[in-house]
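Undergrad: Let me give you the structure first, and then I'll get to my questions.
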Amino acid sequence: MTAMVLSWCLLLAQLMLALAMLCATWRVLRGPRAQDRVVGLDTLYVNAMLLLVTFGIRSGTQVYFEAALVIALLGFVSTAALAKFLMRGEVIE
Amino acid sequence: MNGWQQHLAILPIALPLILGAIMVALDEHRWRLKAAMGLASILAMLAAAAALAVQAHAGGAASLQVYRLGNWPASFGIVLMVDRLSALLLLVTALLGLAALLYALAHWQRMGAHFHALLQFQLMGLNGAFLTGDLFNLFVFFEVLLAASYGLALHGSGVARVKAGLHYISMNLAASLLFLIGVSMIYGVAGTLNMADLAARLPRMPAADRPLLEAGAAILGVAFLVKAAMWPLGFWLMPTYAAASPPAAAIFSMMSKVGVYAVLRLVLLLFGPETGESAGFGNTWLMAGGVVTIVFGAISVLGTQDLPRLAGGCVLISSGTLLAAVGAGQIAVTGGALFYLTSSALAIGALFLLIELLDRGRDLGADVLAVTLEAFGDGDDEEEQQGDDGIGVPIPMTMAALATCFLCCALVLAGLPPLSGFIAKFAMLDGILNPAGLGKGPALVTPGGWALLIALILSGFATLLAMTRAGIRNLWADLDRAVPRVGAVEIAPVLLLIFVCIGMTVAAGPVMRYMQATAASLHTPQDYVRQVVGRPR
Amino acid sequence: MQDAFYLLAAVLLPYAGALITALLPANARTVAWLAGGTALLTLLMVVLGYSDIAAGRIPRVALPWAPELGLSFTLRMDGFAATFAVMASGIGFLVVLYSRYYMSPDDPIPRFFSFLLAFMGSMMGLVLSANLIQLVFFWELTSLFSFLLIGYWQNLAAARDGARMALTVTAGGGLALFAGVLVLGHIVGSYELDAVLAAGNLVRAHPLYLPALVLILLGAMTKSAQFPFHFWLPHAMAAPTPVSAYLHSATLVKAGIFLLARLWPVLAGTDAWFWILCPVGLITLLVGAYVAIFQHDMKALLAYSTISHLGLITLLLSLNSDLAMVAAVFHIINHATFKASLFMAAGIIDHETGTRDIRRLSGLNQSMPFTARLALVAAGAMAGVPLLNGFISKEMFFTEALTAATTPTLLHSILPIAATLASILAVTYSLRFIHGAFFGPETDDLPKKPHEPPQFMRVPVEILVFACMVVGILPSATVGPLLDLAARSILGDATPEYSLAVWHGFNLPLVMSLIALAGGVALYRLLYRHLNAGIDGTPLLERLDGRRAFDQVMVFISWRFARALERLMATDRLQMQLRLLVCIAFLAATLALLPHGLAPGGVQLTPVDPVVALMWVVGGACAIAAAYQAKYHRLAALVMLGGAGLVTCLTFVWFSAPDLALTQLLVEIVTTVLMLLGLRWMPKRIESAGSGHILARLRRLRDLAIAAAAGLGLTAISYATMTRVSPDGISRQFLERAYTEGGGTNVVNVILVDFRGFDTMGEITVLGIVALTVFALLRRFRPAAESVGMPEQQQGEARDWLLIPAVTMRLIFPVIIAVSLYLLLRGHDQPGGGFIAGLMLAIGILLQYMAGGTRWVEDHLRVLPLRWMGFGLLLAAGTGAAAIAFGKPFLTSYFAYADLGPLGKLPLASAVIFDLGVFALVFGATVLMLIALAHQSVRRPRAAPPPPVAALPEPAAAAAGEN
Amino acid sequence: MRKLLPHPLVSAALLLLWLVLDQTLAPGPVLIGSIIALIGGWTLAQLDPGRPRLRRPGVALRLAGQVLLDVARSNLAVARAILGRPKDRRAGFIRIPLALRDPRALAVLAAILTATPGSAWVEYDGEEGCLLLHVLDLGEEEEWMRLVKDRYEQPLMEIFA
Amino acid sequence: MELVLALAIGILGGSGVWLLMRPRTFQLIIGLSLLSYAVNLFIFSMGRFPVGAAPILEPGGKGDPASFADPLPQSLVLTAIVIGFATTALFLVVMLAARGFTGGDHVDGRPPR
Amino acid sequence: MIPQAAELPWFAALPVALLLLGGAGLTLIGSIGLLRLRSFYERVHAPTLATSYGMGCILIASMIFFSVLQTRLVIHEVVIGAFIVLTTPVTLMLVARAALHRDRLEKNATVPPSINQPAT
Ligand code: NA
Ligand code: NA
C-alpha cells in the first residue's frame, strides 16, 4: 500500500516537474526579451536537476546523483555567460 | 614473427602520436627540433611500411597480420590488420608525408602555428584508417585525419583557405554524422563492429534484418563517397585543395584515397561474391558514380586556367577512376586500380608541390593575360617570327628541372607512356576487357565497362589537353618571367615522388604482381575473416 | 643472344645518347659528334640484324616487364620493320650531320640533339615492337618527343602552337589507337604481334571488328596527317628544318602508314577497310597536292606535298590488293629519300638566304649551283620524272589504280583519273619549288647574300639524292632485296609477282605519267602569274582552314563546352552541396530498403512514460524553435539549443547512461560559452520583412520537405531497429569481462579506457588537433571592420555589476577542482572519468575568465594549455606504448591493488593513468580554445583593417542580437 | 601556516565536501581529501589573496535559522502571489543604502536575498554603497528597508568584522 | 516508448537538417549541433530500447546482459559527443575567420545574386 | 513502479511522498509564475521557489529515501543544495542587472535610472 502511494506520489511529482519544465520552456520560446529566455533556461536547468533526483528515487540507484550534482554546480555557467553577454556584448573581457 | 617485429604494425600510429604530442608541448621557437623529429618519424614510418609490405607479401596467398590492441580478442577489442593493401597504402602515405615535410622545410613550416604536429597527426590518422579492422575505430581515425586536414587546409590562413575551409569542414562534418549513422545501424543489426567479424556474421543474418544492414552500408557509403569526392558530393574538393598550402595539398592527394580505400575494403568484405543475397551491393552505383566523376573531373580540368584547380581536377579524375574500378568488381581491374591509385597519388602530390614553384616568379598579370591569350588565333606571332627566327633560347637549369618534372606529372596523370600512369591505365582497361585474363574465356564486357573504357581514354585526353596548355603557358610562353628561386629541399621531394613513379614503370612486373596479389586476396576475403575471427585469445 | 644485343642496342642506344646529351652544358658543340655517332651505331645495329633477316630468320628478344599484364618488352625485326629501322636510323644520321651545320651556334644544341635522339629511339622502338601495347607505348613517345622537337624554339608562338597542335592530334589519336589495340587484343586474346597477325580471319569476323578498326584507323590517320586531321602537319613546320626533314619524311608521319601496313594482314581485306581508307586517302592525296601549289613558304609546300604523298600511300593500302601493298612499301621508301633531301635543301636555302618565301627567292641557281642541282633531282623524284625513284612507285600506283577501276563502283572507277590529276598537281608544285627558287633573275632583295653552304652540310643531301637516282635507274639491284623482304614480311606467301623495272613497255601507266608531266608543266604556266602575284591562301579552298577549325574546337571544348557543362554539373554553393548530400544519403538508404521494405520488428513495446513524453515535448519544441529562430535571433536559438541539449542529457540519464549525461551536459555548457564568445564577432542581423518572394518560399518549402523526410527517415530506422530482437552481439563480452579482466565496475569507462581505449586515444587526438587548429587560426584572426569597436552594450555606463557575482565565482573554483578530481578518480568504477573531469576543470577556469577578465586571470593564474595537451597525449600514448616494453600489444592494461596498510588498498591500473592523460588533454584543449577565443577581445584595440573588397554591406543594424 | 592554509574555512569545507561525496571516513579518502582541500585553498589564494576574518559563529547560526524561516515564509507568500490575482499586490524597485562594504559579506547578503523568494538583487553600486532591490510585493517600503538592514546586514557586519 | 524516442530523434534530426540547408553560418552551426544530438540518440537507440540498469557492476561481478543497458553504444556516443564538440568548436572558429575575411556571415562568403 | 518502494517502511515512505509532492508543487508554482507574472523583474522571482524550498523538499525526500533504504546516512544531496544556493544568486543577479542595463540603454522609463546619473 505504502509502496503504491509512494509510487503514485512520485509519478505525480515527476509529472509536476515535467510540467514545470514545460512552463519554463514556454518562457524560453516566447521571450519576449532575451533576459526572459535566459531566466527560462535557468529555471529549466533547475527543474531538470530536480527531475533527475526523482529519477534516482524511482530507480533506487544513485548513479544519477552525479548528473544532478554537475547541473547544480555548473548549470549556471551557461546562463551566467548569456547574461554577461547581454550586459557587455562579450563573455570574457 | 616475434619480438619487436610483432609490434611493427602499431608504429605508424603510435610514433607520430607520441612525437606529435611532444611537438605540441614544445615551444614555437624549437621548430628546428620539431622538423628533425618529424623527419625521423616519417623515415621510421617509411621503413616500417616497407617492412610490413615485405612481410605481407612474403606471407603468401593469405597473409594477414592481426595486431590486437590491448591484447583483447578481435571480436570485441580493436584490431589492426596489416595485409598487402594496408601496407601499400602506408608506404604511399609515408612517401607523400616525406615529400610534404621536405617541401615545408623551405618555408611553409613557419607560415602558421604547429605545422609539424599537424602533419604528424595527419599521418597518424591516415595510417590508422588504413590499418584498423574496426568500423568505429575507422570513424575515429577518419576524424583524426580530417581534423588534421582541417588544420593543414587552413595552415597559413587567408581568405581563400578560410572560405574553402568552411565548405570543406561543413561537408565533412555532415558526412561524419552520416558515418556515425551508418556504423551504428550496422552495429544495431549485426551486433559487432569488427569488419571481419561482421563479414563472418553476414551470411547468418536473418533476412528481415538485411535491408537495415544494407541501408546502413549505403549511408556509410555516402559518407565515404563524400571523402572520395564522388560527383555530386565532391564540389568542395577543388577549392579546398587549390587553396591549401602545397605541402598540405600534397598530403591531401592521399586523403581522397581514404574514402576509396574504405569503399574498396567494405564492399569486398561485406558484399563480396559469397555473401549471398547482398553480393555486389552498390557496384552499379559505384561504377556509374565513378564514371560521372571522371567526366566531371575531365571537364573541370579542361575548363580551368588555374594550375591548382587543374591539379584538383586531376584528383577528381583519379577518384572517379578508382570508384568505377572498384564498382567493376573484378580482380584484374582492382589490381590495376591499386597500381593507378599509387601512381596517381604520388603524381598529384608531386604536381601540387610543383605548382607553387612554377607560380613563383610569375607576375600576377600573366594569368589575366592568359585568359585572353586562350583565343589563340590572334596573329601576334607574325611579328614575333620576324624578330629572332630560328635562334633557341637556353632554358635555365631550374626551369629545365621544373619543366621535366611537370612533364612527368602530366604524363602520369594523362596516362601516357612511358610512365606508370600508362601501365596503370592499361592494367585497368585490360582487366575490364578481359576479366578472366587475356584470352581466357569469352567474357562479356558490361556497358559499365565500356563506359569506363571510354571515360578513361577521354579523361586522359582532356588531361593531356589541359596539361599541355598549362605547361606551355607556364614554361614556354612566359618569356620574361623571372626564374623562380627554388631550393634543393623543394625540388627534392618532387623528384622523389617522380622517381618512384619511374621506378614503378621499370619494375612494373614485381609491382604489378604485388597489386594483383593484393586484389586477389581482397576479392577472396574468407581467409582474412578466418584469420581475424578464428583465433581465440 | 646476339639478336638480343643488337635489337636492344638499336632501341636503347639512342635513348642512352639522348640522356648523355641532355646532361651536357647548354652550348657544347661536340654534342653533334656524339649524336651522329649514336645514330650511326644504331644504323649499324640494324644492318647487323639485316643479315639474319636476309637469311630468313626473324631476330627477336623478349625481356620480362609485367608478365601479369601480358606485357613483356619484346623486340622483333622482320623485313618491314628493318626497312623502317634503316630509314629511321639512316636518315636520322644524315639529319644529325646536317643539323651540325644548320643549327646556329647560339642555339642550346644539346637539348636539340637529346630530343632528336630520344625521338629516334622511340621510332626504333615503335617499328621493332613485337607487342601491340608496347607499340602504343612507343607511338605515344614519338608524339611526345616530336612535340618537344617542334616546340624547340619555344620562344616563338608559332612553334608553341604547332607543337601543341601536333601533340593534341597525334597523342589524341594515339589514345584512340590504344583503345583500338585493347579491343583488338580482347578479340584475339593476345597483344603479341605474331598472334594478332595470325588471327586475321577471327578478327575480321568478330562483332567488335568495326570499333577496333575505326579506333586503330583514327590513330593511324591522325599520325599520318590524313584528311581531316592533316592540318597539324603544316604548322609543325615551325620546327627547325632538320626536324621537319626527319619527322615528315621518314619517321613520325610514316608511323601511321607503318601501322596500317603492319596490321594490313589482320584488318585489311574488308569493305569497311576500303570504304574508310580509300576516300580519306584520295581526298588527302588531291587536297594536299592542290594546296601545296599555292604555298609560298618552301617548307609549307613540302609539308602539303608530304600530306599528299601520305594520302597516296594510304590510298594504295586501302585497295586490298597485294600488289598495291608492295607499291605502298616502295613508295614509303622513295618518299622518305626525296622528301628528306628536299627539306634539307629548303633548309639550306633558308640558312643561306634568310628566307624561304618562294616569292622573294629567285635565281639561286647562280649563287648556289650545287644545291640547285641536288634540289632539282629530288624534286624530279617527287614529281615522278622517269629514271628517278619516285617515277617507279608512281607507275605502280597508276597500275593499281587502273586495276582497281575494274571493280564497278564510282569510287573505284574514278581512281585512275584522280591518280592522274594528283600527279599533274605534283608536277606543278615540284616545278614551282624548283623554278620559283632557283630560276629566274638573281635578286639582291634577300636578308643574306646567298652562297653555297658548307661542304658537309650538303653531304646528307647528296647521299639522299644519289639514292634517288640509283634506285630510279637500277631499282631491283639496289632496293629490290630490301623491298622484297619488307613485302614478304607483310604478305608472307601471298606476296605477288612484281617487277621493279624502269621500262615496262609503252602502256597505260606510262601514258598517264606523260600526261601528268605535260599537264603539270601546263598548269604551272597557267598559274604562274597568280602564284607570283603573292596572294596568300588557296583558291577555292580559302575557307578550308584546319588550324582555325582546330582552334575553334579547342576553344569550344575547353571554354564554352567545359565551362557550360561545369556550371551545369557543379555548384559552388554550400547550401546546394549539403542539400545534395542529405538527399543522396536519404535516397541511398531508401533504395537499399525499397526491395524488402522496412517493417517494425516484433519486440514487445515498452509502455509510454508520460514524464519522458512531456520531456520530449520540451525538447522537440526547443529544437524546432531553435531551427526557426537561428537566422535572426541567434541568442534565442542558442538558448533553445541549450534546452534541447538539456532534454537530450536527461534522456541519457533516463536510459541508464550517466556517463553520457555528464559528458553531454558539460560539453553543452562549454559549447554555449564558445558560441557566445564567437557571437561577439558576428554581424548584427535584423529581421527583414522581405524574402517573401514566391521562389524563395518554394525553395523553403522544398527544404522543409527534405528536412521532414530526413527526420522521418531517422525515426523510421530507429523505430524499426528498436523493435527488433537484439543480435547476440559483442556487448555481452564487455559486461562479463569489465571487472574480471578490466578491473573496473563502470563498464562504459572500462570500454573507453581499456577495451576500446584505442578509440579514446584517437578521440583525444582529434580534440588536441582541433585545439591546435583553433589556436593557429585565431592567431591570424582578423575581425570584420564593423566588429572591431566596442560592443554597443558597453556604451552605457555600468559599475560594480560583477563585484558580487565574482566573489562567488572565485569561491566556486576550488569546489570545481575538488568535484572534478572526485569524478576523475572514481571514473573507473562509477560515473566520471577523464573527459568529464577535464571538461569540468576547464569550465572552472572559464568561470574565472568570465569573472575577472583575461588580463586579470592571467596575472593571477597561469595555465599553459599546450603543455597540458602535450603532457596528456604523451601520458595516454606512453601508457599504451609501455605495454610493448613488457612484450604485450599496445594499450594492454595492467591493474593491481597496492596495499597501503591503514590507508587501504590503492587501485593501480594503467587504465587510470591513461584516463589521467585523457583528463589533461581534454582540460588543456578546452582551455586553449576558450582562451584563444577570449584573447580576441583583448587584442581588440588595433588598427581596423580596410574593408575587404568582396564584402557586401550587411543590412544596417539597430538592436543587439535580439529584439 | 598562512601559506599552507590561506583559506582554512574553504579548505575545511572542501574536505567535508570530499568526504560527503565519497560517503566514507576511511583514512585513504581522508588523506586524498585533505590534499585536495589544501590544493583548493592555495588556488583560491591565487585568485583572492585577501584573508577574510569570520567571527561570531553564534550570530552566524542565528542568522542561518532566521533566513531559513524567512525563506519558508516568503515561499508561501510568493506562491500565493503567483496563483492569486495580480491586482492584489504591487511590485517595484526599492533602493537601500548599505553600510556593508566587504564583497564577501555582500555576496552572502545577495545569496540570502536571492534565495528569499519575493526579493531580487538587481544592482549594487560600490561607491555609494547603494543596493537596488526588486520586490514582488512592495507593501511598506520601510519594512523592506528594515528587513534588509536590521535582520541581515547587521549580523553580517558582525560576522565579517 | 520506443516511438517517443524515435520521434525525438526525428524531430532533432529534421530541425538539424533544415538548418543545415540554410544560408547563414550561425544557422549551420546550430543545425550541426542539433544533428549531433539526433545522431547521438540514434546511436544510442541502435543498442535497442534501453531498459536495463546503468552498466555499473557490483565489484567482483560479471554483468548479465539481460539486466544492464548495452554499454557499447554508450561508449560510442561518448566518443561521438567529444568529437562533435571538437568539430563544433572548430567550425565556430572557421566561421568567425570567414566572417572576418568576407565581412558577412553567408556560407558562401557573400549571398548569391 | 519503484522497485525498492516495498522495502520502505510507511514512516519513511509517507514523508518521502509528501516532501516530493510539496517540492514538486512549489517548483511547479514557481514555473507557473514564469508564465503568469507580467514583467521581467517580476518573473525573475519565480524560479527561486524551485531553488529554495522546492529543491529542499525533494533533496530531503531523497536523503530520507536512501538513508532508510540503505540503513546508513546518505546525505550527499546536501552538496547539491549547497551548490544551488551558491550559484543561483550569480545567475539571477547577472540577468537582472543585464535587463536593467538594457532597459536603461533603451531609455525605458519603468526602471529606475542609474544612481550617479540623476533622473532626467
Ligand atoms: Na621566286
Ligand atoms: Na529572491
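Just so we're on the same page: first chain in the C-alpha cells is A, next is B, and so on; residues restart at 1 for each chain, and ligands are numbered from 1 in the order they show up.
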What are the residues of chain A that have an atom within 6 Å of an atom of chain F, counting only C-alpha atoms, as a ChimeraX atom specification?
TA: /A:2-3,6-7,9,13,16-17,20,23-24,43,58,69,72-73,80,83,86-87
Undergrad: Residues within 6 Å of ligand 2, counting only C-alpha atoms and all ligand atoms: report them as a short mmCIF file (atom, residue, chain, number, x, y, z; two decimals) with N, CA, C and O atoms, in the first residue's frame.
TA:
data_model
loop_
_atom_site.label_atom_id
_atom_site.label_comp_id
_atom_site.auth_asym_id
_atom_site.auth_seq_id
_atom_site.Cartn_x
_atom_site.Cartn_y
_atom_site.Cartn_z
N LEU D 113 19.18 37.27 -0.08
CA LEU D 113 18.06 37.98 -0.69
C LEU D 113 17.55 37.26 -1.92
O LEU D 113 16.35 37.28 -2.21
N THR D 114 18.46 36.64 -2.64
CA THR D 114 18.03 35.92 -3.83
C THR D 114 17.28 34.65 -3.45
O THR D 114 16.26 34.31 -4.04
N ALA D 115 17.81 33.99 -2.45
CA ALA D 115 17.17 32.75 -2.04
C ALA D 115 15.78 33.01 -1.46
O ALA D 115 14.92 32.14 -1.50
N THR D 116 15.60 34.18 -0.97
CA THR D 116 14.29 34.51 -0.43
C THR D 116 13.37 34.90 -1.58
O THR D 116 13.59 35.92 -2.22
N PRO D 117 12.39 34.10 -1.82
CA PRO D 117 11.50 34.47 -2.93
C PRO D 117 10.84 35.80 -2.65
O PRO D 117 10.50 36.11 -1.51
N GLY D 118 10.68 36.57 -3.67
CA GLY D 118 9.98 37.85 -3.49
C GLY D 118 10.90 39.03 -3.50
O GLY D 118 10.46 40.16 -3.66
N SER D 119 12.22 38.79 -3.35
CA SER D 119 13.14 39.91 -3.43
C SER D 119 14.27 39.54 -4.39
O SER D 119 14.79 38.43 -4.33
N ALA D 120 14.59 40.46 -5.25
CA ALA D 120 15.64 40.17 -6.23
C ALA D 120 16.67 41.27 -6.23
O ALA D 120 16.34 42.44 -6.33
N HIS F 45 11.61 36.52 -9.96
CA HIS F 45 11.41 35.95 -8.62
C HIS F 45 10.97 34.50 -8.69
O HIS F 45 11.19 33.73 -7.76
N THR F 48 12.98 31.19 -7.88
CA THR F 48 13.55 30.99 -6.55
C THR F 48 12.69 30.07 -5.70
O THR F 48 13.18 29.53 -4.71
#
Undergrad: Compile the contact shell of stretch 296-305 of chain B as a PyMOL selection string: residues with an atom at most 8 Å away, counting only C-alpha atoms, same-chain residues fewer than 4 positions apart removed.
TA: (chain B and resi 231+292+309-311+313-317+320+367+370-371+458-459+462-463+465-466+470) or (chain C and resi 557-559+562-563+565-566+569)
Undergrad: What are the DSSP helix (DSSP H, G or I) residues of chain A, as a ChimeraX atom specification?
TA: /A:2-30,34-59,65-88
Undergrad: Using only C-alpha atoms and all ligand atoms, find each protein or nucleic acid residue lying at most 7 Å from ligand 1; present the set as a PyMOL selection string.
TA: chain C and resi 358-362+436-437
Undergrad: If we count only C-alpha atoms and set the cut-off at 12 Å, which residues sit around C:Leu811, ignoring sequence neighbours fewer than 3 positions away in its own chain? Please answer as a PyMOL selection string.
TA: (chain A and resi 73) or (chain C and resi 804-808+814-817+844+847-848+851) or (chain D and resi 7+9-11+13-14+40-49+103-104+107-108) or (chain F and resi 83+86-87+90)
Undergrad: Just need the residues of chain B within 9 Å of chain E, counting only C-alpha atoms, so spit them out as a count of residues only.
TA: 31
Undergrad: Only residues of chain A matter here; which ones have an atom within 7 Å of chain C, counting only C-alpha atoms? Give them as a compact mmCIF listing (two decimals) with all heavy atoms, in the first residue's frame.
TA:
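So out_17.txt came out as:
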# COMPACT_ATOMS: atom_id res chain seq x y z
N GLN A 14 6.87 13.82 -10.43
CA GLN A 14 7.63 13.90 -11.68
C GLN A 14 6.82 14.62 -12.74
O GLN A 14 7.37 15.45 -13.49
CB GLN A 14 7.99 12.49 -12.16
CG GLN A 14 9.11 11.88 -11.34
CD GLN A 14 9.63 10.63 -12.00
OE1 GLN A 14 8.87 9.88 -12.61
NE2 GLN A 14 10.91 10.38 -11.85
N LEU A 15 5.54 14.32 -12.77
CA LEU A 15 4.70 15.00 -13.77
C LEU A 15 4.69 16.49 -13.51
O LEU A 15 4.75 17.30 -14.44
CB LEU A 15 3.28 14.44 -13.72
CG LEU A 15 3.11 13.15 -14.52
CD1 LEU A 15 1.70 12.60 -14.34
CD2 LEU A 15 3.36 13.42 -15.99
N ALA A 18 7.84 17.88 -14.71
CA ALA A 18 7.86 17.93 -16.17
C ALA A 18 7.02 19.10 -16.66
O ALA A 18 7.41 19.82 -17.59
CB ALA A 18 7.34 16.61 -16.75
N LEU A 22 7.89 22.42 -18.78
CA LEU A 22 7.11 22.90 -19.92
C LEU A 22 6.86 24.40 -19.80
O LEU A 22 6.98 25.15 -20.77
CB LEU A 22 5.80 22.12 -19.96
CG LEU A 22 5.23 21.79 -21.33
CD1 LEU A 22 6.23 21.03 -22.15
CD2 LEU A 22 3.95 21.00 -21.18
N THR A 25 9.93 26.22 -20.53
CA THR A 25 10.18 26.21 -21.97
C THR A 25 9.32 27.26 -22.67
O THR A 25 9.76 27.92 -23.61
CB THR A 25 9.86 24.83 -22.54
OG1 THR A 25 10.54 23.87 -21.77
CG2 THR A 25 10.31 24.72 -23.98
N VAL A 28 11.03 30.31 -22.50
CA VAL A 28 12.18 30.32 -23.41
C VAL A 28 11.72 30.61 -24.84
O VAL A 28 12.33 31.39 -25.56
CB VAL A 28 12.92 28.96 -23.36
CG1 VAL A 28 13.92 28.85 -24.50
CG2 VAL A 28 13.63 28.80 -22.03
N LEU A 29 10.61 29.99 -25.21
CA LEU A 29 10.16 30.15 -26.58
C LEU A 29 9.54 31.52 -26.80
O LEU A 29 9.74 32.15 -27.85
CB LEU A 29 9.13 29.07 -26.95
CG LEU A 29 9.61 27.63 -26.83
CD1 LEU A 29 8.54 26.69 -27.36
CD2 LEU A 29 10.89 27.41 -27.59
N ARG A 33 11.81 39.00 -24.34
CA ARG A 33 13.14 39.56 -24.46
C ARG A 33 14.16 38.50 -24.08
O ARG A 33 13.83 37.47 -23.48
CB ARG A 33 13.28 40.77 -23.55
CG ARG A 33 12.15 41.76 -23.78
CD ARG A 33 12.61 43.16 -23.65
NE ARG A 33 13.81 43.42 -24.41
CZ ARG A 33 14.62 44.45 -24.16
NH1 ARG A 33 14.36 45.25 -23.18
NH2 ARG A 33 15.68 44.64 -24.89
N ALA A 34 15.39 38.77 -24.45
CA ALA A 34 16.43 37.76 -24.24
C ALA A 34 16.54 37.38 -22.78
O ALA A 34 16.72 36.21 -22.45
CB ALA A 34 17.75 38.29 -24.76
N ARG A 37 14.24 34.71 -21.82
CA ARG A 37 14.67 33.37 -22.26
C ARG A 37 15.75 32.83 -21.33
O ARG A 37 15.77 31.65 -21.00
CB ARG A 37 15.23 33.44 -23.68
CG ARG A 37 14.22 33.95 -24.70
CD ARG A 37 14.83 33.87 -26.09
NE ARG A 37 14.21 34.78 -27.04
CZ ARG A 37 13.13 34.51 -27.75
NH1 ARG A 37 12.54 33.36 -27.60
NH2 ARG A 37 12.65 35.39 -28.59
N VAL A 38 16.65 33.71 -20.92
CA VAL A 38 17.74 33.25 -20.06
C VAL A 38 17.18 32.76 -18.73
O VAL A 38 17.56 31.69 -18.23
CB VAL A 38 18.77 34.38 -19.85
CG1 VAL A 38 19.84 33.93 -18.87
CG2 VAL A 38 19.40 34.75 -21.17
N LEU A 41 15.67 29.47 -19.27
CA LEU A 41 16.64 28.38 -19.37
C LEU A 41 17.17 28.00 -18.00
O LEU A 41 17.32 26.81 -17.68
CB LEU A 41 17.79 28.80 -20.29
CG LEU A 41 18.84 27.72 -20.54
CD1 LEU A 41 18.24 26.57 -21.31
CD2 LEU A 41 20.04 28.27 -21.28
N VAL A 63 23.28 6.35 -9.25
CA VAL A 63 24.17 6.71 -10.35
C VAL A 63 23.73 8.00 -11.01
O VAL A 63 24.47 8.55 -11.82
CB VAL A 63 24.23 5.59 -11.40
CG1 VAL A 63 24.99 4.40 -10.89
CG2 VAL A 63 22.85 5.20 -11.86
N TYR A 64 22.55 8.49 -10.69
CA TYR A 64 22.11 9.74 -11.31
C TYR A 64 22.54 10.94 -10.51
O TYR A 64 22.37 12.07 -10.93
CB TYR A 64 20.59 9.74 -11.47
CG TYR A 64 20.15 8.54 -12.23
CD1 TYR A 64 19.36 7.57 -11.64
CD2 TYR A 64 20.58 8.36 -13.54
CE1 TYR A 64 19.00 6.45 -12.35
CE2 TYR A 64 20.22 7.23 -14.25
CZ TYR A 64 19.43 6.27 -13.65
OH TYR A 64 19.08 5.18 -14.35
N ALA A 67 24.97 13.46 -12.14
CA ALA A 67 24.42 14.36 -13.14
C ALA A 67 23.75 15.54 -12.46
O ALA A 67 23.94 16.71 -12.84
CB ALA A 67 23.43 13.61 -14.03
N VAL A 77 26.53 28.14 -15.37
CA VAL A 77 27.61 28.78 -16.13
C VAL A 77 27.08 29.31 -17.46
O VAL A 77 27.35 30.45 -17.84
CB VAL A 77 28.77 27.81 -16.36
CG1 VAL A 77 29.80 28.42 -17.29
CG2 VAL A 77 29.41 27.46 -15.03
N SER A 78 26.31 28.48 -18.15
CA SER A 78 25.87 28.98 -19.45
C SER A 78 24.89 30.13 -19.30
O SER A 78 24.93 31.09 -20.08
CB SER A 78 25.31 27.86 -20.31
OG SER A 78 24.47 27.04 -19.57
N ALA A 81 26.85 33.13 -18.49
CA ALA A 81 27.54 33.63 -19.69
C ALA A 81 26.56 34.38 -20.58
O ALA A 81 26.88 35.44 -21.12
CB ALA A 81 28.19 32.47 -20.44
N MET A 87 24.75 41.82 -21.05
CA MET A 87 25.19 43.02 -20.35
C MET A 87 26.32 43.72 -21.11
O MET A 87 26.33 44.93 -21.24
CB MET A 87 25.68 42.56 -18.97
CG MET A 87 26.24 43.63 -18.11
SD MET A 87 24.94 44.44 -17.21
CE MET A 87 25.79 45.92 -16.69
N ARG A 88 27.28 42.92 -21.60
CA ARG A 88 28.51 43.52 -22.11
C ARG A 88 28.77 43.28 -23.59
O ARG A 88 29.70 43.85 -24.15
CB ARG A 88 29.72 42.97 -21.33
CG ARG A 88 29.66 43.21 -19.86
CD ARG A 88 29.78 44.67 -19.51
NE ARG A 88 31.12 45.20 -19.72
CZ ARG A 88 31.40 46.50 -19.74
NH1 ARG A 88 30.42 47.38 -19.61
NH2 ARG A 88 32.63 46.91 -19.92
N GLY A 89 27.99 42.40 -24.19
CA GLY A 89 28.26 42.09 -25.59
C GLY A 89 29.41 41.13 -25.79
O GLY A 89 29.73 40.76 -26.90
N GLU A 90 30.08 40.77 -24.73
CA GLU A 90 31.07 39.70 -24.82
C GLU A 90 31.19 39.01 -23.47
O GLU A 90 30.87 39.59 -22.43
CB GLU A 90 32.42 40.21 -25.30
CG GLU A 90 32.94 41.41 -24.59
CD GLU A 90 34.13 42.04 -25.34
OE1 GLU A 90 34.55 41.48 -26.35
OE2 GLU A 90 34.61 43.09 -24.90
N VAL A 91 31.61 37.77 -23.54
CA VAL A 91 31.54 36.96 -22.33
C VAL A 91 32.80 37.13 -21.48
O VAL A 91 32.75 37.18 -20.26
CB VAL A 91 31.35 35.48 -22.70
CG1 VAL A 91 31.30 34.62 -21.46
CG2 VAL A 91 30.07 35.32 -23.48
N ILE A 92 33.93 37.17 -22.20
CA ILE A 92 35.18 37.36 -21.47
C ILE A 92 35.80 38.65 -21.98
O ILE A 92 35.89 38.86 -23.18
CB ILE A 92 36.14 36.17 -21.70
CG1 ILE A 92 35.50 34.89 -21.16
CG2 ILE A 92 37.48 36.44 -21.05
CD1 ILE A 92 36.31 33.67 -21.43
N GLU A 93 36.16 39.52 -21.04
CA GLU A 93 36.70 40.81 -21.49
C GLU A 93 38.21 40.81 -21.37
O GLU A 93 38.77 40.17 -20.50
CB GLU A 93 36.12 41.93 -20.66
CG GLU A 93 34.65 42.15 -21.02
CD GLU A 93 33.98 43.04 -20.00
OE1 GLU A 93 34.12 44.26 -20.09
OE2 GLU A 93 33.33 42.50 -19.11
Undergrad: Determine, counting only C-alpha atoms, which protein, DNA and RNA residues have an atom within 8 Å of an atom of B:Ile432; residues of the same chain fewer than 6 positions away are not included. Present the result as a ChimeraX atom specification.
TA: /B:328,330,332-333,445,449,453
Undergrad: Of the candidates F:Arg72, F:Ser52, F:Leu105, F:Ile64, which one gets nearest to chain D if we count only C-alpha atoms?
TA: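 Once distances to chain D are computed over only C-alpha atoms, the minimum belongs to F:Ser52.
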Undergrad: Could you list, as a ChimeraX atom specification, every residue within 9 Å of F:Val111, counting only C-alpha atoms and ignoring same-chain residues fewer than 2 positions away?
TA: /D:92-93 /F:100,103-104,107-109,113
Undergrad: Hey, could you make a per-residue contact list for chain A against chain D with 12 Å as the cut-off, showing the nearest pair of atoms and its distance in Å to one decimal, counting only C-alpha atoms, sorted by chain and number, as a tab-separated table?
TA:
residue	atom	partner	partner_atom	distance
A:Gln62	CA	D:Leu21	CA	11.6
A:Phe65	CA	D:Leu21	CA	10.0
A:Glu66	CA	D:Leu21	CA	9.6
A:Leu69	CA	D:Leu21	CA	9.9
Undergrad: Contacts of stretch 171-185 of chain C at 9 Å or less, counting only C-alpha atoms, minus same-chain residues fewer than 4 places along, as a PyMOL selection string?
TA: (chain B and resi 416+426+429-430+433+438-439+453-454+457-458+460-461+464-465) or (chain C and resi 132-133+136-137+139-144+166-167+189-192+196+203+208-209+211-223)
